[in-house]
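First comes the structure, then the notes that go with it.
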Amino acid sequence: MSLPPLTLYLAAPRGFCAGVDRAIKIVEMALQKWGAPVFVRHEIVHNKFVVDSLKALGAVFVEELDEVPDDRPVIFSAHGVPKSVPAAAAAREMVFVDATCPLVSKVHIEAERHHENGLQMVMIGHAGHPETIGTMGQLPEGEVILVETVADVANVTPRDPARLAFITQTTLSVDDTIDIIAALRARFPAIIGPHKEDICYATTNRQAAVKAIAHKIDALLVIGAPNSSNSRRLVEVGRANGCAYAQLVQRASDIDWRALEGIRAIGITAGASAPEVLVNEVLDAFRSRFATTVELVETAQENVEFKVPRILRAAE
């Protein structure tokens with residue numbers, strides 16, 4: 001029986017970004033240096049496959065610092081943590097390693113600089129996301145106002161409308177954020193923005209790659225975790241750019257094959273915390289069901305690399 005033909009457009013860039021790569025490396029190097037168990041506060045990156053792989057090596061994932069014994073090292077996730085967390089670790093004289101993505105740290109520094117200059121911050125982000133919690137936790141209570149949508153902008157009541165600055169979560173939809181920023185500028189003409197946008201290069205590049213394939217495909221699969229902000233944004237970008245069927249799958253076993261019956265072209269991408277091994281697993285699943293022609297659609301090349309913290313590079 002001959003298999004039905006399918007053109008598979010593989011988006012690039014996709015998958016791991018430099019911040020995720022660095023965070024995973026930090027956990028692996030900490031295990032080599034201190035042995036198991038090494039504790040990690042919150043999922044190091046939002047991907048079950050990655051977290052399970054690190055658990056198998058001896059990493060123990062917890063939600064709060066009080067679950068970690070004083071005498072074991074603890075790592076803070078790539079999403080960043082409120083200032084109170086390293087302060088509490090230092091007070092307990094714990095060994096801790098901060099795996100916060102340097103591009104998230106850049107937003108933290110930006111927020112502090114504006115605060116020192118007497119400005120109140122507006123943060124564009126998703127309530128409850130660890131990155132948002134971490135960034136808002138850099139400043140005292142009440143100094144950061146969170147907005148999630150254009151509609152939220154109307155309800156912002158700052159101390160002084162003339163002394164405001166905005167920052168954003170690094171994993172937002174580029175297009176949605178442009179609209180929210182426009183609404184902020186319209187309402188608060190004096191608001192100060194970042195020198196360079198806060199949405200990180202990897203988020204921007206992955207969304208651009210999805211836009212480049214959206215008009216060619218009948219369906220889009222984004223490989224990523226349900227709690228991964230940047231992965232969920234890729235699904236939204238696919239839909240917003242005319243792809244009627246766009247779904248998030250954690251791995252090949254999650255694919256709804258009935259929904260894909262009769263398709264002739266599909267797009268595949270992966271969120272910034274999804275490993276390439278899961279992309280290959282999905283490609284193999286399609287090859288077993290279709291006569292596939294794979295076309296790579298590359299919209300940018302990435303060569304960003306971040307160093308791991310000195311504590312892991314230094315000899316004992």
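Residues in the structure tokens are numbered from 1 in each chain, the chains being A, B, ... in the order shown, and ligands are numbered from 1 in the order shown.
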
Using only C-alpha atoms, which protein or nucleic acid residues come within 7 Å of His79 of chain A? Drop anything in the same chain fewer than 3 positions from it, and give the result as an NGL selection string. :A and (100-101 or 130-131)

Mind dumping the selected residues with N, CA, C and O atoms as a PDB file, in the first residue's frame?
ATOM      1  N   THR A 100      19.222  31.802  35.790  1.00  0.00           N
ATOM      2  CA  THR A 100      18.373  32.768  35.069  1.00  0.00           C
ATOM      3  C   THR A 100      18.987  33.095  33.710  1.00  0.00           C
ATOM      4  O   THR A 100      20.174  33.388  33.616  1.00  0.00           O
ATOM      5  N   CYS A 101      18.166  33.050  32.665  1.00  0.00           N
ATOM      6  CA  CYS A 101      18.646  33.406  31.330  1.00  0.00           C
ATOM      7  C   CYS A 101      19.195  34.835  31.362  1.00  0.00           C
ATOM      8  O   CYS A 101      18.532  35.740  31.894  1.00  0.00           O
ATOM      9  N   PRO A 130       6.352  32.054  35.961  1.00  0.00           N
ATOM     10  CA  PRO A 130       7.520  32.251  36.828  1.00  0.00           C
ATOM     11  C   PRO A 130       8.413  33.422  36.416  1.00  0.00           C
ATOM     12  O   PRO A 130       8.989  34.098  37.254  1.00  0.00           O
ATOM     13  N   GLU A 131       8.508  33.680  35.108  1.00  0.00           N
ATOM     14  CA  GLU A 131       9.345  34.811  34.688  1.00  0.00           C
ATOM     15  C   GLU A 131       8.744  36.134  35.157  1.00  0.00           C
ATOM     16  O   GLU A 131       9.461  37.027  35.624  1.00  0.00           O
TER      17      GLU A 131
END

So how many Å separate atom CA of Phe290 of chain A and atom CA of Arg251 of chain A, to one decimal? 17.8 Å

The distance between atom CA of Glu261 of chain A and atom CA of Glu281 of chain A is 19.5 Å

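Per DSSP on the backbone, helix (DSSP H, G or I) in segment 162-218 of chain A comprises Val174, Asp175, Asp176, Thr177, Ile178, Asp179, Ile180, Ile181, Ala182, Ala183, Leu184, Arg185, Ala186, Arg187, Tyr201, Ala202, Thr203, Thr204, Asn205, Arg206, Gln207, Ala208, Ala209, Val210, Lys211, Ala212, Ile213 and Ala214 of chain A.
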
Could you tell me, as a list in words, which residues of segment 35-173 of chain A DSSP assigns to strand (DSSP E) when given the backbone?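 Here is the list: Val38, Phe39, Val40, Arg41, Ala59, Val60, Phe61, Val62, Val74, Ile75, Phe76, Phe96, Val97, Asp98, Gln120, Met121, Val122, Met123, Ile124, Val144, Ile145, Leu146, Val147, Leu164, Ala165, Phe166, Ile167 and Thr168 of chain A.
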
What does the file look like for those residues with N, CA and C atoms, as a PDB file, in the first residue's frame?
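The resulting part26.pdb:
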ATOM      1  N   VAL A  38      21.237  17.275  43.569  1.00  0.00           N
ATOM      2  CA  VAL A  38      21.282  18.735  43.428  1.00  0.00           C
ATOM      3  C   VAL A  38      19.828  19.167  43.293  1.00  0.00           C
ATOM      4  N   PHE A  39      19.451  20.182  44.057  1.00  0.00           N
ATOM      5  CA  PHE A  39      18.057  20.631  44.036  1.00  0.00           C
ATOM      6  C   PHE A  39      17.870  21.756  43.020  1.00  0.00           C
ATOM      7  N   VAL A  40      16.702  21.778  42.395  1.00  0.00           N
ATOM      8  CA  VAL A  40      16.380  22.832  41.433  1.00  0.00           C
ATOM      9  C   VAL A  40      15.037  23.428  41.842  1.00  0.00           C
ATOM     10  N   ARG A  41      15.026  24.762  42.048  1.00  0.00           N
ATOM     11  CA  ARG A  41      13.775  25.410  42.433  1.00  0.00           C
ATOM     12  C   ARG A  41      12.993  25.748  41.171  1.00  0.00           C
ATOM     13  N   ALA A  59      18.892  15.123  39.753  1.00  0.00           N
ATOM     14  CA  ALA A  59      18.343  16.446  40.096  1.00  0.00           C
ATOM     15  C   ALA A  59      16.989  16.254  40.790  1.00  0.00           C
ATOM     16  N   VAL A  60      16.745  17.050  41.819  1.00  0.00           N
ATOM     17  CA  VAL A  60      15.469  16.991  42.539  1.00  0.00           C
ATOM     18  C   VAL A  60      14.782  18.339  42.359  1.00  0.00           C
ATOM     19  N   PHE A  61      13.577  18.315  41.794  1.00  0.00           N
ATOM     20  CA  PHE A  61      12.860  19.555  41.503  1.00  0.00           C
ATOM     21  C   PHE A  61      11.872  19.870  42.623  1.00  0.00           C
ATOM     22  N   VAL A  62      11.936  21.099  43.114  1.00  0.00           N
ATOM     23  CA  VAL A  62      11.034  21.540  44.187  1.00  0.00           C
ATOM     24  C   VAL A  62      10.430  22.880  43.761  1.00  0.00           C
ATOM     25  N   VAL A  74      21.542  24.367  45.449  1.00  0.00           N
ATOM     26  CA  VAL A  74      20.241  24.604  44.811  1.00  0.00           C
ATOM     27  C   VAL A  74      20.456  25.504  43.595  1.00  0.00           C
ATOM     28  N   ILE A  75      19.704  25.223  42.552  1.00  0.00           N
ATOM     29  CA  ILE A  75      19.791  25.985  41.298  1.00  0.00           C
ATOM     30  C   ILE A  75      18.465  26.686  41.068  1.00  0.00           C
ATOM     31  N   PHE A  76      18.537  27.953  40.662  1.00  0.00           N
ATOM     32  CA  PHE A  76      17.324  28.711  40.333  1.00  0.00           C
ATOM     33  C   PHE A  76      17.076  28.618  38.836  1.00  0.00           C
ATOM     34  N   PHE A  96      24.250  28.254  46.114  1.00  0.00           N
ATOM     35  CA  PHE A  96      23.208  28.350  45.091  1.00  0.00           C
ATOM     36  C   PHE A  96      23.796  28.845  43.781  1.00  0.00           C
ATOM     37  N   VAL A  97      23.202  28.374  42.696  1.00  0.00           N
ATOM     38  CA  VAL A  97      23.635  28.768  41.350  1.00  0.00           C
ATOM     39  C   VAL A  97      22.413  29.321  40.636  1.00  0.00           C
ATOM     40  N   ASP A  98      22.575  30.500  40.065  1.00  0.00           N
ATOM     41  CA  ASP A  98      21.452  31.151  39.389  1.00  0.00           C
ATOM     42  C   ASP A  98      21.515  30.842  37.894  1.00  0.00           C
ATOM     43  N   GLN A 120       7.912  54.331  38.079  1.00  0.00           N
ATOM     44  CA  GLN A 120       7.110  53.138  38.367  1.00  0.00           C
ATOM     45  C   GLN A 120       7.091  52.303  37.093  1.00  0.00           C
ATOM     46  N   MET A 121       7.081  50.979  37.223  1.00  0.00           N
ATOM     47  CA  MET A 121       7.167  50.094  36.064  1.00  0.00           C
ATOM     48  C   MET A 121       5.802  49.559  35.673  1.00  0.00           C
ATOM     49  N   VAL A 122       5.585  49.437  34.351  1.00  0.00           N
ATOM     50  CA  VAL A 122       4.465  48.651  33.829  1.00  0.00           C
ATOM     51  C   VAL A 122       5.102  47.435  33.173  1.00  0.00           C
ATOM     52  N   MET A 123       4.685  46.241  33.589  1.00  0.00           N
ATOM     53  CA  MET A 123       5.230  45.029  32.973  1.00  0.00           C
ATOM     54  C   MET A 123       4.180  44.379  32.092  1.00  0.00           C
ATOM     55  N   ILE A 124       4.532  44.127  30.834  1.00  0.00           N
ATOM     56  CA  ILE A 124       3.653  43.373  29.936  1.00  0.00           C
ATOM     57  C   ILE A 124       4.050  41.913  30.088  1.00  0.00           C
ATOM     58  N   VAL A 144       5.565  47.591  40.432  1.00  0.00           N
ATOM     59  CA  VAL A 144       5.383  47.041  39.085  1.00  0.00           C
ATOM     60  C   VAL A 144       3.895  46.758  38.868  1.00  0.00           C
ATOM     61  N   ILE A 145       3.333  47.359  37.835  1.00  0.00           N
ATOM     62  CA  ILE A 145       1.925  47.133  37.480  1.00  0.00           C
ATOM     63  C   ILE A 145       1.923  46.161  36.299  1.00  0.00           C
ATOM     64  N   LEU A 146       1.184  45.069  36.421  1.00  0.00           N
ATOM     65  CA  LEU A 146       1.156  44.051  35.360  1.00  0.00           C
ATOM     66  C   LEU A 146      -0.005  44.293  34.407  1.00  0.00           C
ATOM     67  N   VAL A 147       0.284  44.273  33.091  1.00  0.00           N
ATOM     68  CA  VAL A 147      -0.790  44.282  32.093  1.00  0.00           C
ATOM     69  C   VAL A 147      -0.604  43.076  31.179  1.00  0.00           C
ATOM     70  N   LEU A 164       6.780  56.956  34.272  1.00  0.00           N
ATOM     71  CA  LEU A 164       6.502  55.531  34.029  1.00  0.00           C
ATOM     72  C   LEU A 164       7.511  54.960  33.045  1.00  0.00           C
ATOM     73  N   ALA A 165       7.801  53.668  33.174  1.00  0.00           N
ATOM     74  CA  ALA A 165       8.592  52.946  32.167  1.00  0.00           C
ATOM     75  C   ALA A 165       7.941  51.583  31.987  1.00  0.00           C
ATOM     76  N   PHE A 166       8.176  50.947  30.834  1.00  0.00           N
ATOM     77  CA  PHE A 166       7.619  49.598  30.661  1.00  0.00           C
ATOM     78  C   PHE A 166       8.720  48.594  30.333  1.00  0.00           C
ATOM     79  N   ILE A 167       8.454  47.360  30.733  1.00  0.00           N
ATOM     80  CA  ILE A 167       9.311  46.210  30.416  1.00  0.00           C
ATOM     81  C   ILE A 167       8.377  45.092  29.968  1.00  0.00           C
ATOM     82  N   THR A 168       8.928  44.049  29.349  1.00  0.00           N
ATOM     83  CA  THR A 168       8.067  42.926  28.954  1.00  0.00           C
ATOM     84  C   THR A 168       8.721  41.598  29.312  1.00  0.00           C
TER      85      THR A 168
END

Which polymer residues have any atom within 12 Å of an atom of segment 152-163 of chain A, counting only C-alpha atoms, with same-chain residues fewer than 3 positions away left out, as a short mmCIF file (atom, residue, chain, number, x, y, z; two decimals) with all heavy atoms, in the first residue's frame?
data_model
loop_
_atom_site.label_atom_id
_atom_site.label_comp_id
_atom_site.auth_asym_id
_atom_site.auth_seq_id
_atom_site.Cartn_x
_atom_site.Cartn_y
_atom_site.Cartn_z
N HIS A 114 15.36 51.82 36.28
CA HIS A 114 14.23 52.75 36.22
C HIS A 114 13.72 53.08 37.63
O HIS A 114 13.36 54.22 37.92
CB HIS A 114 13.10 52.16 35.38
CG HIS A 114 13.39 52.14 33.91
ND1 HIS A 114 13.89 53.23 33.24
CD2 HIS A 114 13.24 51.16 32.97
CE1 HIS A 114 14.04 52.94 31.95
NE2 HIS A 114 13.66 51.68 31.77
N HIS A 115 13.69 52.05 38.49
CA HIS A 115 13.22 52.24 39.87
C HIS A 115 14.12 53.23 40.61
O HIS A 115 13.64 54.12 41.32
CB HIS A 115 13.21 50.87 40.58
CG HIS A 115 12.82 50.94 42.02
ND1 HIS A 115 11.58 51.38 42.43
CD2 HIS A 115 13.51 50.63 43.16
CE1 HIS A 115 11.52 51.33 43.75
NE2 HIS A 115 12.68 50.89 44.21
N GLU A 116 15.43 53.08 40.41
CA GLU A 116 16.39 54.00 41.04
C GLU A 116 16.19 55.44 40.55
O GLU A 116 16.47 56.40 41.27
CB GLU A 116 17.83 53.56 40.74
CG GLU A 116 18.28 52.37 41.59
CD GLU A 116 19.49 51.65 41.00
OE1 GLU A 116 20.13 52.19 40.08
OE2 GLU A 116 19.76 50.53 41.47
N ASN A 117 15.70 55.57 39.33
CA ASN A 117 15.44 56.91 38.78
C ASN A 117 14.04 57.43 39.14
O ASN A 117 13.57 58.43 38.59
CB ASN A 117 15.59 56.88 37.24
CG ASN A 117 17.03 56.65 36.83
OD1 ASN A 117 17.95 56.96 37.58
ND2 ASN A 117 17.24 56.08 35.65
N GLY A 118 13.37 56.70 40.03
CA GLY A 118 12.08 57.16 40.53
C GLY A 118 10.89 56.85 39.65
O GLY A 118 9.82 57.44 39.79
N LEU A 119 11.07 55.93 38.69
CA LEU A 119 9.95 55.58 37.80
C LEU A 119 9.21 54.35 38.31
O LEU A 119 9.82 53.44 38.87
CB LEU A 119 10.48 55.29 36.38
CG LEU A 119 11.28 56.40 35.68
CD1 LEU A 119 11.69 55.95 34.29
CD2 LEU A 119 10.46 57.68 35.58
N GLN A 120 7.91 54.33 38.08
CA GLN A 120 7.11 53.14 38.37
C GLN A 120 7.09 52.30 37.09
O GLN A 120 7.11 52.84 35.98
CB GLN A 120 5.70 53.56 38.78
CG GLN A 120 4.87 52.45 39.41
CD GLN A 120 3.50 52.95 39.88
OE1 GLN A 120 3.09 54.08 39.56
NE2 GLN A 120 2.79 52.13 40.63
N MET A 121 7.08 50.98 37.22
CA MET A 121 7.17 50.09 36.06
C MET A 121 5.80 49.56 35.67
O MET A 121 4.99 49.23 36.53
CB MET A 121 8.05 48.87 36.37
CG MET A 121 9.46 49.18 36.80
SD MET A 121 10.35 50.15 35.59
CE MET A 121 10.12 49.15 34.14
N VAL A 122 5.58 49.44 34.35
CA VAL A 122 4.46 48.65 33.83
C VAL A 122 5.10 47.44 33.17
O VAL A 122 6.00 47.57 32.34
CB VAL A 122 3.64 49.43 32.78
CG1 VAL A 122 2.55 48.54 32.19
CG2 VAL A 122 3.02 50.68 33.42
N MET A 123 4.69 46.24 33.59
CA MET A 123 5.23 45.03 32.97
C MET A 123 4.18 44.38 32.09
O MET A 123 3.05 44.12 32.53
CB MET A 123 5.68 44.03 34.03
CG MET A 123 6.19 42.74 33.37
SD MET A 123 7.09 41.65 34.43
CE MET A 123 7.68 40.46 33.19
N ILE A 124 4.53 44.13 30.83
CA ILE A 124 3.65 43.37 29.94
C ILE A 124 4.05 41.91 30.09
O ILE A 124 5.19 41.53 29.80
CB ILE A 124 3.84 43.83 28.47
CG1 ILE A 124 3.59 45.34 28.33
CG2 ILE A 124 2.89 43.05 27.55
CD1 ILE A 124 4.01 45.93 26.99
N GLY A 125 3.13 41.10 30.58
CA GLY A 125 3.47 39.70 30.83
C GLY A 125 2.25 38.90 31.22
O GLY A 125 1.13 39.43 31.25
N HIS A 126 2.46 37.63 31.52
CA HIS A 126 1.35 36.74 31.90
C HIS A 126 1.37 36.53 33.40
O HIS A 126 2.38 36.09 33.96
CB HIS A 126 1.48 35.39 31.18
CG HIS A 126 1.33 35.51 29.69
ND1 HIS A 126 0.13 35.81 29.09
CD2 HIS A 126 2.23 35.40 28.68
CE1 HIS A 126 0.30 35.87 27.78
NE2 HIS A 126 1.56 35.64 27.51
N GLY A 142 4.14 46.89 44.69
CA GLY A 142 3.45 48.08 44.19
C GLY A 142 4.23 48.89 43.18
O GLY A 142 3.71 49.82 42.58
N GLU A 143 5.50 48.51 42.97
CA GLU A 143 6.33 49.27 42.04
C GLU A 143 6.19 48.77 40.59
O GLU A 143 6.68 49.41 39.67
CB GLU A 143 7.81 49.20 42.46
CG GLU A 143 8.12 50.05 43.68
CD GLU A 143 7.78 51.52 43.47
OE1 GLU A 143 8.24 52.12 42.50
OE2 GLU A 143 7.01 52.07 44.29
N VAL A 144 5.57 47.59 40.43
CA VAL A 144 5.38 47.04 39.08
C VAL A 144 3.90 46.76 38.87
O VAL A 144 3.27 46.03 39.64
CB VAL A 144 6.19 45.73 38.88
CG1 VAL A 144 6.09 45.29 37.41
CG2 VAL A 144 7.65 45.90 39.28
N ILE A 145 3.33 47.36 37.83
CA ILE A 145 1.93 47.13 37.48
C ILE A 145 1.92 46.16 36.30
O ILE A 145 2.58 46.40 35.28
CB ILE A 145 1.25 48.46 37.06
CG1 ILE A 145 1.33 49.50 38.18
CG2 ILE A 145 -0.19 48.22 36.61
CD1 ILE A 145 1.05 50.93 37.71
N LEU A 146 1.18 45.07 36.42
CA LEU A 146 1.16 44.05 35.36
C LEU A 146 0.00 44.29 34.41
O LEU A 146 -1.14 44.51 34.84
CB LEU A 146 1.04 42.65 35.98
CG LEU A 146 1.03 41.47 35.01
CD1 LEU A 146 2.37 41.32 34.29
CD2 LEU A 146 0.68 40.18 35.73
N VAL A 147 0.28 44.27 33.09
CA VAL A 147 -0.79 44.28 32.09
C VAL A 147 -0.60 43.08 31.18
O VAL A 147 0.52 42.72 30.82
CB VAL A 147 -0.84 45.59 31.26
CG1 VAL A 147 -1.11 46.79 32.14
CG2 VAL A 147 0.43 45.81 30.46
N GLU A 148 -1.72 42.43 30.84
CA GLU A 148 -1.66 41.25 29.97
C GLU A 148 -2.22 41.52 28.58
O GLU A 148 -1.87 40.84 27.62
CB GLU A 148 -2.45 40.09 30.61
CG GLU A 148 -1.85 39.60 31.91
CD GLU A 148 -2.46 38.27 32.35
OE1 GLU A 148 -2.15 37.25 31.71
OE2 GLU A 148 -3.25 38.26 33.31
N THR A 149 -3.13 42.51 28.49
CA THR A 149 -3.83 42.77 27.22
C THR A 149 -3.94 44.28 26.97
O THR A 149 -3.73 45.09 27.89
CB THR A 149 -5.26 42.20 27.27
OG1 THR A 149 -5.97 42.88 28.33
CG2 THR A 149 -5.28 40.70 27.53
N PHE A 166 8.18 50.95 30.83
CA PHE A 166 7.62 49.60 30.66
C PHE A 166 8.72 48.59 30.33
O PHE A 166 9.76 48.93 29.78
CB PHE A 166 6.51 49.56 29.60
CG PHE A 166 6.99 49.73 28.17
CD1 PHE A 166 7.42 48.62 27.44
CD2 PHE A 166 6.98 50.97 27.55
CE1 PHE A 166 7.85 48.75 26.13
CE2 PHE A 166 7.41 51.11 26.23
CZ PHE A 166 7.85 50.00 25.52
N THR A 177 2.37 42.20 21.55
CA THR A 177 3.09 43.15 22.41
C THR A 177 3.16 44.53 21.76
O THR A 177 3.03 45.55 22.44
CB THR A 177 4.50 42.61 22.72
OG1 THR A 177 4.36 41.28 23.23
CG2 THR A 177 5.21 43.46 23.76
N ASP A 179 0.92 45.90 19.95
CA ASP A 179 -0.38 46.55 20.18
C ASP A 179 -0.50 47.09 21.61
O ASP A 179 -1.03 48.18 21.83
CB ASP A 179 -1.53 45.56 19.92
CG ASP A 179 -1.61 45.15 18.45
OD1 ASP A 179 -1.03 45.87 17.60
OD2 ASP A 179 -2.23 44.12 18.15
N ILE A 180 0.01 46.32 22.58
CA ILE A 180 -0.08 46.75 23.99
C ILE A 180 0.82 47.97 24.22
O ILE A 180 0.45 48.93 24.89
CB ILE A 180 0.28 45.59 24.96
CG1 ILE A 180 -0.71 44.43 24.79
CG2 ILE A 180 0.28 46.07 26.41
CD1 ILE A 180 -0.32 43.14 25.52
N ILE A 181 2.01 47.93 23.62
CA ILE A 181 2.94 49.07 23.75
C ILE A 181 2.32 50.33 23.13
O ILE A 181 2.39 51.42 23.70
CB ILE A 181 4.31 48.75 23.10
CG1 ILE A 181 5.04 47.67 23.92
CG2 ILE A 181 5.18 50.01 22.98
CD1 ILE A 181 6.28 47.08 23.24
N ALA A 182 1.67 50.16 21.98
CA ALA A 182 1.01 51.30 21.32
C ALA A 182 -0.07 51.90 22.24
O ALA A 182 -0.20 53.13 22.36
CB ALA A 182 0.41 50.87 19.99
N ALA A 183 -0.82 51.02 22.90
CA ALA A 183 -1.87 51.49 23.82
C ALA A 183 -1.26 52.22 25.02
O ALA A 183 -1.78 53.25 25.46
CB ALA A 183 -2.71 50.30 24.29
N LEU A 184 -0.15 51.70 25.53
CA LEU A 184 0.54 52.36 26.66
C LEU A 184 1.05 53.74 26.25
O LEU A 184 0.88 54.72 26.97
CB LEU A 184 1.72 51.51 27.14
CG LEU A 184 1.40 50.31 28.04
CD1 LEU A 184 2.65 49.44 28.21
CD2 LEU A 184 0.88 50.77 29.41
N ARG A 185 1.67 53.80 25.05
CA ARG A 185 2.22 55.09 24.59
C ARG A 185 1.09 56.11 24.33
O ARG A 185 1.26 57.30 24.55
CB ARG A 185 3.05 54.88 23.32
CG ARG A 185 4.35 54.14 23.57
CD ARG A 185 5.30 54.35 22.39
NE ARG A 185 6.44 53.45 22.39
CZ ARG A 185 7.53 53.60 23.15
NH1 ARG A 185 7.62 54.61 24.00
NH2 ARG A 185 8.53 52.75 23.06
N ALA A 186 -0.05 55.62 23.84
CA ALA A 186 -1.18 56.52 23.56
C ALA A 186 -1.72 57.10 24.87
O ALA A 186 -2.06 58.28 24.95
CB ALA A 186 -2.27 55.77 22.81
N ARG A 187 -1.77 56.25 25.89
CA ARG A 187 -2.35 56.71 27.17
C ARG A 187 -1.33 57.47 28.02
O ARG A 187 -1.68 58.39 28.75
CB ARG A 187 -2.87 55.48 27.93
CG ARG A 187 -3.74 55.91 29.06
CD ARG A 187 -4.65 54.91 29.67
NE ARG A 187 -5.10 55.56 30.91
CZ ARG A 187 -5.17 54.98 32.08
NH1 ARG A 187 -4.85 53.71 32.20
NH2 ARG A 187 -5.56 55.65 33.14
N PHE A 188 -0.08 57.05 27.94
CA PHE A 188 0.99 57.69 28.74
C PHE A 188 2.12 58.12 27.81
O PHE A 188 3.12 57.40 27.65
CB PHE A 188 1.52 56.71 29.80
CG PHE A 188 0.46 56.11 30.67
CD1 PHE A 188 0.10 54.77 30.54
CD2 PHE A 188 -0.21 56.88 31.63
CE1 PHE A 188 -0.89 54.21 31.35
CE2 PHE A 188 -1.20 56.33 32.44
CZ PHE A 188 -1.54 54.99 32.30
N PRO A 189 1.99 59.26 27.15
CA PRO A 189 2.98 59.66 26.14
C PRO A 189 4.41 59.75 26.67
O PRO A 189 5.36 59.59 25.91
CB PRO A 189 2.48 61.03 25.68
CG PRO A 189 1.03 61.07 26.06
CD PRO A 189 0.89 60.22 27.28
N ALA A 190 4.57 59.97 27.99
CA ALA A 190 5.92 60.12 28.55
C ALA A 190 6.56 58.78 28.93
O ALA A 190 7.71 58.75 29.38
CB ALA A 190 5.86 61.02 29.78
N ILE A 191 5.84 57.67 28.75
CA ILE A 191 6.36 56.37 29.21
C ILE A 191 7.67 56.04 28.49
O ILE A 191 7.83 56.29 27.30
CB ILE A 191 5.31 55.24 29.02
CG1 ILE A 191 5.67 54.01 29.86
CG2 ILE A 191 5.12 54.87 27.55
CD1 ILE A 191 4.52 53.01 30.04
N ILE A 192 8.61 55.49 29.25
CA ILE A 192 9.93 55.16 28.71
C ILE A 192 9.99 53.66 28.42
O ILE A 192 9.59 52.84 29.25
CB ILE A 192 11.03 55.55 29.72
CG1 ILE A 192 11.06 57.07 29.88
CG2 ILE A 192 12.40 55.03 29.29
CD1 ILE A 192 11.93 57.56 31.02
N GLY A 193 10.49 53.31 27.24
CA GLY A 193 10.62 51.90 26.87
C GLY A 193 12.06 51.45 26.92
O GLY A 193 12.97 52.24 27.13
#
